[in-house]
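S.K.: Structure file structure25.cif (mmCIF, C-alpha atoms and all ligand atoms) right here:
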data_run
loop_
_atom_site.label_atom_id
_atom_site.label_comp_id
_atom_site.auth_asym_id
_atom_site.auth_seq_id
_atom_site.Cartn_x
_atom_site.Cartn_y
_atom_site.Cartn_z
CA MET J 726 0.00 0.00 0.00
CA PHE J 727 2.92 2.33 0.82
CA VAL J 728 4.38 1.92 -2.69
CA LYS J 729 0.98 2.67 -4.19
CA TYR J 730 0.76 5.78 -2.03
CA VAL J 731 4.21 7.06 -3.12
CA ILE J 732 3.43 6.46 -6.81
CA LEU J 733 0.09 8.23 -6.51
CA MET J 734 1.65 11.19 -4.72
CA SER J 735 4.29 11.52 -7.45
CA MET J 736 1.58 11.36 -10.08
CA ALA J 737 -0.40 14.02 -8.24
CA VAL J 738 2.64 16.35 -8.02
CA PHE J 739 3.34 15.75 -11.71
CA GLY J 740 -0.30 16.47 -12.50
CA ILE J 741 -0.22 19.77 -10.62
CA MET J 742 3.06 20.79 -12.30
CA LEU J 743 1.60 19.95 -15.67
CA TYR J 744 -1.48 21.97 -14.87
CA LEU J 745 0.52 25.03 -13.71
CA HIS J 746 2.84 24.92 -16.68
CA ASP J 747 0.53 23.93 -19.46
CA TYR J 748 0.26 27.56 -20.63
CA HIS J 749 4.01 27.51 -21.25
CA LEU J 750 3.82 24.27 -23.20
CA SER J 751 2.64 25.76 -26.43
CA SER J 752 1.44 22.54 -28.03
CA PHE J 753 -0.77 21.68 -25.00
CA SER J 754 -2.16 25.16 -24.54
CA GLN J 755 -2.92 25.50 -28.23
CA LEU J 756 -4.72 22.20 -28.15
CA PHE J 757 -6.77 23.22 -25.13
CA THR J 758 -7.62 26.57 -26.69
CA ILE J 759 -8.95 24.84 -29.75
CA TYR J 760 -10.69 22.11 -27.72
CA PRO J 761 -11.56 23.65 -24.31
CA GLN J 762 -13.56 20.52 -23.47
CA LEU J 763 -10.47 18.34 -23.78
CA HIS J 764 -8.79 20.08 -20.85
CA SER J 765 -11.56 19.33 -18.36
CA THR J 766 -12.09 15.84 -19.80
CA LEU J 767 -8.42 14.99 -19.28
CA ILE J 768 -8.49 16.30 -15.71
CA ASP J 769 -11.69 14.32 -15.01
CA LEU J 770 -10.16 11.19 -16.51
CA TYR J 771 -6.99 11.58 -14.49
CA GLY J 772 -9.02 12.09 -11.33
CA THR J 773 -11.26 9.09 -12.01
CA VAL J 774 -8.43 6.68 -12.83
CA VAL J 775 -6.28 7.78 -9.92
CA PHE J 776 -9.19 7.77 -7.47
CA LYS J 777 -10.39 4.33 -8.56
CA TRP J 778 -6.94 2.80 -8.28
CA PHE J 779 -6.25 4.37 -4.93
CA ASP J 780 -9.67 3.53 -3.60
CA SER J 781 -9.60 -0.12 -4.64
CA GLY J 782 -7.26 -1.06 -1.81
CA TYR J 783 -9.71 0.04 0.84
CA SER J 784 -13.26 0.09 -0.38
CA ARG J 785 -15.74 -2.72 0.30
CA VAL J 786 -17.56 -1.76 -2.90
CA PRO J 787 -16.75 -4.63 -5.26
CA ARG J 788 -14.38 -3.93 -8.11
CA LYS J 789 -14.60 -7.32 -9.76
CA SER J 790 -18.32 -7.80 -9.27
CA LYS J 791 -20.96 -5.26 -10.23
CA ASP J 792 -23.38 -6.71 -7.68
CA VAL J 793 -24.35 -5.00 -4.47
CA LEU J 794 -22.81 -6.86 -1.53
CA PHE J 795 -24.52 -7.35 1.80
CA THR J 796 -22.91 -8.28 5.06
CA LYS J 797 -25.01 -10.61 7.21
CA GLU J 798 -25.77 -7.67 9.50
CA GLU J 799 -26.90 -5.50 6.59
CA LEU J 800 -29.17 -8.27 5.32
CA GLN J 801 -30.71 -8.67 8.77
CA GLU J 802 -32.10 -5.15 8.48
CA TYR J 803 -34.38 -6.30 5.66
CA SER J 804 -36.90 -8.26 7.68
CA GLU J 805 -39.22 -5.36 8.33
CA SER J 806 -41.74 -4.15 5.77
CA ASN J 807 -40.80 -0.48 6.26
CA LYS J 808 -37.14 -1.09 5.32
CA GLY J 809 -37.88 -3.85 2.80
CA LEU J 810 -38.25 -7.62 2.85
CA TYR J 811 -35.21 -9.44 1.52
CA LEU J 812 -34.10 -13.03 1.81
CA ALA J 813 -31.09 -14.91 0.52
CA ILE J 814 -30.78 -18.37 -0.92
CA LEU J 815 -27.44 -19.95 -1.80
CA GLY J 816 -25.83 -16.56 -1.17
CA LYS J 817 -28.05 -14.52 -3.51
CA VAL J 818 -30.36 -11.85 -2.18
CA TYR J 819 -33.92 -11.29 -3.42
CA ASP J 820 -36.49 -8.63 -2.67
CA VAL J 821 -39.55 -10.65 -1.62
CA GLY J 822 -41.64 -7.56 -0.90
CA LYS J 823 -44.26 -8.55 -3.45
CA GLY J 824 -44.84 -11.76 -1.46
CA GLU J 825 -45.60 -9.70 1.63
CA LYS J 826 -48.42 -12.04 2.67
CA PHE J 827 -45.82 -14.80 3.21
CA TYR J 828 -42.84 -12.80 4.37
CA ALA J 829 -44.03 -9.78 6.38
CA SER J 830 -44.07 -10.01 10.15
CA GLY J 831 -46.87 -12.46 11.07
CA GLY J 832 -46.63 -14.23 7.68
CA ASN J 833 -46.00 -18.00 7.57
CA TYR J 834 -42.52 -17.62 6.08
CA HIS J 835 -41.37 -14.43 7.80
CA PHE J 836 -38.45 -16.36 9.35
CA PHE J 837 -36.75 -16.60 5.94
CA THR J 838 -36.33 -12.82 5.69
CA GLY J 839 -33.13 -10.98 6.58
CA ARG J 840 -30.97 -14.07 6.28
CA ASP J 841 -29.81 -16.96 4.15
CA GLY J 842 -31.71 -19.98 5.45
CA SER J 843 -31.01 -22.20 2.44
CA ARG J 844 -30.87 -25.46 4.39
CA ALA J 845 -34.35 -24.97 5.88
CA PHE J 846 -35.90 -24.94 2.40
CA ILE J 847 -35.14 -28.66 2.38
CA THR J 848 -35.20 -29.76 6.00
CA GLY J 849 -38.23 -27.70 7.05
CA ASP J 850 -36.32 -26.94 10.27
CA PHE J 851 -37.29 -23.33 10.81
CA THR J 852 -35.51 -22.88 14.13
CA ASP J 853 -32.64 -20.39 14.37
CA SER J 854 -30.05 -23.15 14.02
CA GLY J 855 -32.01 -24.81 11.19
CA LEU J 856 -32.17 -21.57 9.20
CA THR J 857 -28.56 -21.73 8.10
CA ASP J 858 -26.81 -21.33 4.75
CA ASP J 859 -24.73 -24.45 5.47
CA VAL J 860 -25.96 -27.18 3.13
CA THR J 861 -23.28 -29.73 4.03
CA GLY J 862 -24.61 -33.27 4.10
CA LEU J 863 -27.69 -32.69 1.96
CA THR J 864 -28.19 -35.46 -0.56
CA VAL J 865 -27.76 -34.87 -4.24
CA LYS J 866 -31.54 -35.03 -4.70
CA GLU J 867 -32.04 -32.46 -1.94
CA LEU J 868 -29.48 -30.15 -3.55
CA ILE J 869 -31.44 -30.31 -6.80
CA ASN J 870 -34.55 -29.39 -4.85
CA LEU J 871 -32.75 -26.47 -3.26
CA HIS J 872 -31.47 -25.35 -6.65
CA GLU J 873 -35.07 -25.39 -7.89
CA TRP J 874 -36.06 -23.12 -4.99
CA ALA J 875 -33.20 -20.79 -5.94
CA GLN J 876 -34.43 -20.77 -9.54
CA TYR J 877 -37.95 -20.03 -8.30
CA TYR J 878 -36.73 -16.93 -6.44
CA HIS J 879 -34.71 -15.81 -9.43
CA LYS J 880 -37.79 -16.03 -11.61
CA GLU J 881 -40.37 -14.65 -9.19
CA TYR J 882 -38.51 -11.97 -7.27
CA LYS J 883 -36.12 -9.12 -7.92
CA TYR J 884 -32.45 -10.01 -7.53
CA LYS J 885 -30.67 -7.52 -5.27
CA GLY J 886 -27.10 -8.78 -4.79
CA LYS J 887 -24.96 -11.19 -2.84
CA VAL J 888 -24.22 -11.95 0.79
CA ILE J 889 -20.59 -11.81 1.84
CA GLY J 890 -19.77 -15.04 3.59
CA ARG J 891 -20.16 -18.69 2.74
CA TYR J 892 -20.89 -18.35 -0.99
CA TYR J 893 -19.28 -15.05 -1.98
CA ASP J 894 -16.18 -13.28 -0.73
CA ASP J 895 -15.94 -9.57 0.04
CA GLU J 896 -15.31 -8.82 -3.63
CA GLY J 897 -18.41 -10.70 -4.69
CA GLN J 898 -16.40 -13.58 -6.10
CA PRO J 899 -17.67 -17.14 -5.62
CA THR J 900 -15.91 -18.98 -2.78
CA SER J 901 -14.59 -22.53 -2.94
CA TYR J 902 -17.68 -23.60 -0.96
CA TYR J 903 -19.86 -22.14 -3.72
CA HIS J 904 -17.87 -24.07 -6.33
CA GLN J 905 -18.22 -27.32 -4.37
CA VAL J 906 -21.99 -26.92 -4.05
CA LYS J 907 -22.30 -25.91 -7.69
CA LYS J 908 -20.29 -28.95 -8.75
CA LEU J 909 -22.57 -31.24 -6.75
CA ILE J 910 -25.69 -29.59 -8.17
CA ASN J 911 -24.36 -29.88 -11.72
CA LYS J 912 -23.52 -33.54 -11.13
CA ALA J 913 -26.98 -34.13 -9.71
CA LYS J 914 -28.56 -32.37 -12.68
CA ARG J 915 -26.62 -34.58 -15.09
CA THR J 916 -27.68 -37.71 -13.18
CA LYS J 917 -31.30 -36.55 -13.29
CA GLU J 918 -31.06 -35.84 -17.02
CA GLU J 919 -29.70 -39.34 -17.57
CA GLN J 920 -32.48 -40.80 -15.44
CA ASP J 921 -35.08 -38.79 -17.37
CA LYS J 922 -33.55 -39.98 -20.63
CA GLU J 923 -33.60 -43.53 -19.36
CA LYS J 924 -37.21 -43.07 -18.27
CA LEU J 925 -38.09 -42.13 -21.85
CA SER J 926 -36.46 -45.27 -23.25
CA TYR J 927 -37.57 -47.47 -20.36
CA PRO J 928 -40.76 -46.02 -18.85
CA PRO J 929 -41.76 -47.45 -15.46
CA CYS J 930 -44.69 -49.90 -15.43
CA ASN J 931 -48.08 -49.35 -13.86
CA ALA J 932 -48.41 -51.37 -10.70
CA GLU J 933 -51.20 -52.49 -8.37
CA TRP J 934 -51.47 -54.77 -5.42
CA SER J 935 -54.30 -56.40 -3.50
CA LEU J 936 -54.33 -58.94 -0.67
CA GLU J 937 -56.51 -61.37 -2.64
CA SER J 938 -54.77 -61.26 -6.00
CA GLY J 939 -51.20 -60.13 -5.21
CA SER J 940 -49.15 -57.78 -7.42
CA ARG J 941 -49.67 -56.97 -11.04
CA VAL J 942 -47.48 -54.83 -13.30
CA TRP J 943 -48.51 -53.72 -16.75
CA CYS J 944 -47.61 -51.34 -19.54
CA SER J 945 -49.77 -48.75 -21.26
CA THR J 946 -49.15 -45.75 -23.51
CA ARG J 947 -48.97 -43.57 -20.38
CA SER J 948 -47.25 -45.79 -17.80
CA GLY J 949 -44.65 -44.06 -15.64
CA GLY J 950 -46.13 -40.72 -16.74
CA ILE J 951 -44.40 -41.11 -20.12
CA GLU J 952 -46.82 -40.44 -23.00
CA ARG J 953 -45.83 -42.51 -26.03
CA ASP J 954 -47.19 -44.21 -29.12
CA TRP J 955 -46.15 -47.72 -28.04
CA ILE J 956 -47.25 -49.86 -25.13
CA GLY J 957 -44.37 -52.24 -24.46
CA VAL J 958 -44.01 -55.29 -22.26
CA PRO J 959 -42.96 -55.48 -18.58
CA ARG J 960 -39.39 -56.44 -17.75
CA GLN J 961 -37.25 -56.33 -14.62
CA LEU J 962 -34.38 -53.83 -14.70
CA TYR J 963 -31.56 -54.33 -12.21
CA ASP J 964 -30.33 -51.13 -10.53
CA PRO J 965 -26.74 -51.71 -9.38
CA GLY J 966 -26.92 -48.63 -7.11
CA SER J 967 -29.74 -49.94 -4.93
CA HIS J 968 -29.22 -53.66 -5.75
CA THR J 969 -32.89 -53.97 -6.56
CA TYR J 970 -35.03 -54.69 -9.59
CA ARG J 971 -37.72 -52.36 -10.83
CA CYS J 972 -40.34 -52.82 -13.50
CA ILE J 973 -39.84 -51.09 -16.84
CA CYS J 974 -41.65 -51.28 -20.16
CA ILE J 975 -39.64 -52.11 -23.24
CA ARG J 976 -40.71 -52.44 -26.84
CA GLU J 977 -41.67 -55.99 -27.58
CA ASN J 978 -38.99 -56.49 -30.21
CA GLU J 979 -36.28 -55.05 -27.96
CA THR J 980 -34.82 -57.80 -25.84
CA ASP J 981 -32.08 -55.73 -24.26
CA GLY J 982 -31.26 -52.01 -24.29
CA PRO J 983 -27.95 -50.73 -25.65
CA ASN J 984 -26.56 -49.79 -22.21
CA LYS J 985 -28.43 -52.34 -20.20
CA LYS J 986 -26.94 -55.57 -21.45
CA GLY J 987 -27.57 -58.28 -18.92
CA ASN J 988 -29.45 -55.94 -16.56
CA ILE J 989 -32.89 -56.64 -17.98
CA LYS J 990 -34.73 -59.88 -17.44
CA GLU J 991 -38.18 -61.28 -18.05
CA TYR J 992 -40.70 -61.97 -15.32
CA PRO J 993 -40.79 -65.71 -14.63
CA GLU J 994 -44.13 -67.36 -15.42
CA CYS J 995 -45.16 -64.41 -17.56
CA ASN J 996 -45.61 -64.65 -21.30
CA PRO J 997 -42.78 -62.43 -22.68
CA LYS J 998 -45.26 -60.97 -25.18
CA SER J 999 -47.88 -60.09 -22.58
CA THR J 1000 -48.40 -56.41 -21.67
CA SER J 1001 -49.42 -57.44 -18.13
CA CYS J 1002 -47.76 -59.76 -15.61
CA TRP J 1003 -48.67 -61.13 -12.21
CA VAL J 1004 -45.64 -60.80 -9.99
CA HIS J 1005 -44.88 -63.39 -7.35
CA SER J 1006 -42.52 -62.01 -4.77
C1 LIG J 1101 -39.91 -27.87 3.89
C2 LIG J 1101 -41.13 -27.42 4.09
C3 LIG J 1101 -41.67 -26.17 3.45
C4 LIG J 1101 -41.02 -25.07 2.97
C5 LIG J 1101 -39.52 -24.79 2.97
C6 LIG J 1101 -42.02 -24.18 2.44
C7 LIG J 1101 -41.73 -22.95 1.88
C8 LIG J 1101 -42.67 -22.12 1.32
C9 LIG J 1101 -42.38 -20.82 0.81
C10 LIG J 1101 -41.02 -20.15 0.82
C11 LIG J 1101 -43.54 -20.29 0.35
C12 LIG J 1101 -43.70 -18.93 -0.29
C13 LIG J 1101 -43.38 -19.07 -1.76
C14 LIG J 1101 -43.39 -17.74 -2.49
O1 LIG J 1101 -42.59 -16.84 -2.17
O2 LIG J 1101 -44.14 -17.63 -3.48
C15 LIG J 1101 -44.58 -21.27 0.56
C16 LIG J 1101 -45.89 -21.09 0.24
C17 LIG J 1101 -46.87 -22.00 0.58
N1 LIG J 1101 -46.73 -23.15 1.28
FE1 LIG J 1101 -45.00 -23.93 1.99
N2 LIG J 1101 -43.25 -24.73 2.61
C18 LIG J 1101 -43.09 -25.94 3.22
C19 LIG J 1101 -44.07 -26.82 3.58
C20 LIG J 1101 -45.40 -26.62 3.34
C21 LIG J 1101 -46.45 -27.56 3.71
C22 LIG J 1101 -46.22 -28.87 4.44
C23 LIG J 1101 -47.61 -27.02 3.29
C24 LIG J 1101 -48.99 -27.54 3.39
C25 LIG J 1101 -49.45 -28.26 4.38
C26 LIG J 1101 -47.31 -25.76 2.65
C27 LIG J 1101 -48.23 -24.94 2.07
C28 LIG J 1101 -47.95 -23.75 1.42
C29 LIG J 1101 -48.95 -22.92 0.76
C30 LIG J 1101 -50.44 -23.23 0.66
C31 LIG J 1101 -48.28 -21.83 0.24
C32 LIG J 1101 -48.90 -20.66 -0.49
C33 LIG J 1101 -48.92 -20.93 -1.97
C34 LIG J 1101 -49.55 -19.79 -2.69
O3 LIG J 1101 -50.49 -19.17 -2.19
O4 LIG J 1101 -49.07 -19.50 -3.81
N3 LIG J 1101 -45.97 -25.55 2.69
N4 LIG J 1101 -44.02 -22.37 1.14
#
For this file, write the structure as structure tokens.
Ligand code: HEM
M.R.:
Amino acid sequence: MFVKYVILMSMAVFGIMLYLHDYHLSSFSQLFTIYPQLHSTLIDLYGTVVFKWFDSGYSRVPRKSKDVLFTKEELQEYSESNKGLYLAILGKVYDVGKGEKFYASGGNYHFFTGRDGSRAFITGDFTDSGLTDDVTGLTVKELINLHEWAQYYHKEYKYKGKVIGRYYDDEGQPTSYYHQVKKLINKAKRTKEEQDKEKLSYPPCNAEWSLESGSRVWCSTRSGGIERDWIGVPRQLYDPGSHTYRCICIRENETDGPNKKGNIKEYPECNPKSTSCWVHS
């Protein structure tokens, strides 16, 4: 900082000397006479550049990020309707004033205001310790859920800035914690996309059970919530993750999927061409 100070001081002295002597430097003074605006513009520019550089060592106002930054204490002030109702999720602050019926004092979700209570969106633990921004230990599925909440706020409410702390540093840059969470969410999203894709190729069966008759699985053009123009036949798909089998529908002429070799088997005692099977467990 000392070096910066000395350089700036020298520049300032040089600037003043230049200013005092510019009438003796014929080329400068002629230029300024022709373009009077240029003189003030140059002085403004000098001032702005020097000030910005000097200031950047001290100021909390972010230089790298254009976002407004909130300390936890500053955010806490926004839990009263007269000041404004803000909440944060995964380190991002939103103005939830238009949802006053939920968030104003007395509203069912007032406890979310003035803080980042990300974890509670998943756990439903609305105590002071539950309303934390620490999401360590949440499952991948829960992180996806939380990410969906974050997307909801981004869509529904006005974005106001970032909280300095767990997710963003005091320059508004993402922290390593943020990157870890983001990595997990991205991984979870990819897994979900793969599962959705798999669901399209191998839609789950319909299933019913009764004490008298036992279990039945069957395929239809809407089984597993997947609308399609084929019905398919029930098969058992082995899931190595959970070490269990689940019922899927495959096209009748498809004995085994491209990535599922050996993981799909027929139901015993069920006609392989039948769209419905009684399952004996
Ligand atoms: C983990 C548990 C829960 C969380 C984190 C949660 C969170 C929220 C939040 C933040 C809102 C306001 C959304 C907005 O800003 O638009 C909301 C609204 C609402 N919640 Fe919950 N909630 C939970 C559980 C429940 C349960 C169990 C019920 C029902 C028994 C419920 C019923 C509602 C209703 C009816 C609304 C208002 C919807 C509307 O009028 O648009 N919530 N919830």
S.K.: If we count all atoms listed in the file and set the cut-off at 9 Å, which residues sit around Pro959 (chain J), ignoring sequence neighbours fewer than 5 positions away in its own chain? Please answer as a list in words.
M.R.: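 Final neighbour list, sorted by chain and number: Pro929, Cys930, Val942, Trp943, Cys944, Cys972, Ile973, Cys974, Ile975, Glu991, Tyr992, Pro997, Lys998, Ser999, Thr1000, Ser1001 and Cys1002 of chain J.
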S.K.: What would the file look like if the residues just selected were written as a short mmCIF file (atom, residue, chain, number, x, y, z; two decimals), in the frame of the given file with C-alpha atoms?
M.R.:
data_model
loop_
_atom_site.label_atom_id
_atom_site.label_comp_id
_atom_site.auth_asym_id
_atom_site.auth_seq_id
_atom_site.Cartn_x
_atom_site.Cartn_y
_atom_site.Cartn_z
CA PRO J 929 -41.76 -47.45 -15.46
CA CYS J 930 -44.69 -49.90 -15.43
CA VAL J 942 -47.48 -54.83 -13.30
CA TRP J 943 -48.51 -53.72 -16.75
CA CYS J 944 -47.61 -51.34 -19.54
CA CYS J 972 -40.34 -52.82 -13.50
CA ILE J 973 -39.84 -51.09 -16.84
CA CYS J 974 -41.65 -51.28 -20.16
CA ILE J 975 -39.64 -52.11 -23.24
CA GLU J 991 -38.18 -61.28 -18.05
CA TYR J 992 -40.70 -61.97 -15.32
CA PRO J 997 -42.78 -62.43 -22.68
CA LYS J 998 -45.26 -60.97 -25.18
CA SER J 999 -47.88 -60.09 -22.58
CA THR J 1000 -48.40 -56.41 -21.67
CA SER J 1001 -49.42 -57.44 -18.13
CA CYS J 1002 -47.76 -59.76 -15.61
#
S.K.: Residues at most 10 Å from ligand LIG 1101 (chain J), using all atoms listed in the file? Could they come as a ChimeraX atom specification?
M.R.: /J:812,821-828,832-838,842-851,871,874,877-878,881-882
S.K.: Would you mind listing what lies within 12 Å of Ala813 (chain J) as a PyMOL selection string, with all atoms listed in the file counted and same-chain residues fewer than 5 positions away left out?
M.R.: chain J and resi 794-797+799-801+803-804+818-821+836-846+856-858+874-875+878-879+882-892
S.K.: Between CA of Gly987 (chain J) and CA of Thr916 (chain J), what distance in Å does the model show, to one decimal?
M.R.: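 Answer for the CA of Gly987 (chain J) to CA of Thr916 (chain J) separation: 21.4 Å.
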S.K.: Go through J:Ala932, J:Gly939, J:Ser926, J:Pro965 one by one, measure the shortest atom-to-atom distance of each to Glu952 (chain J) using only C-alpha atoms, and give the residue with the smallest value.
M.R.: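 Comparing J:Ala932, J:Gly939, J:Ser926, J:Pro965 against Glu952 (chain J), the winner is J:Ser926.
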S.K.: Using all atoms listed in the file, can you tell me which of J:Tyr893, J:Trp1003, J:Gln898, J:Ala829 comes closest to Glu933 (chain J)?
M.R.: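 The answer is J:Trp1003, which sits nearest to Glu933 (chain J).
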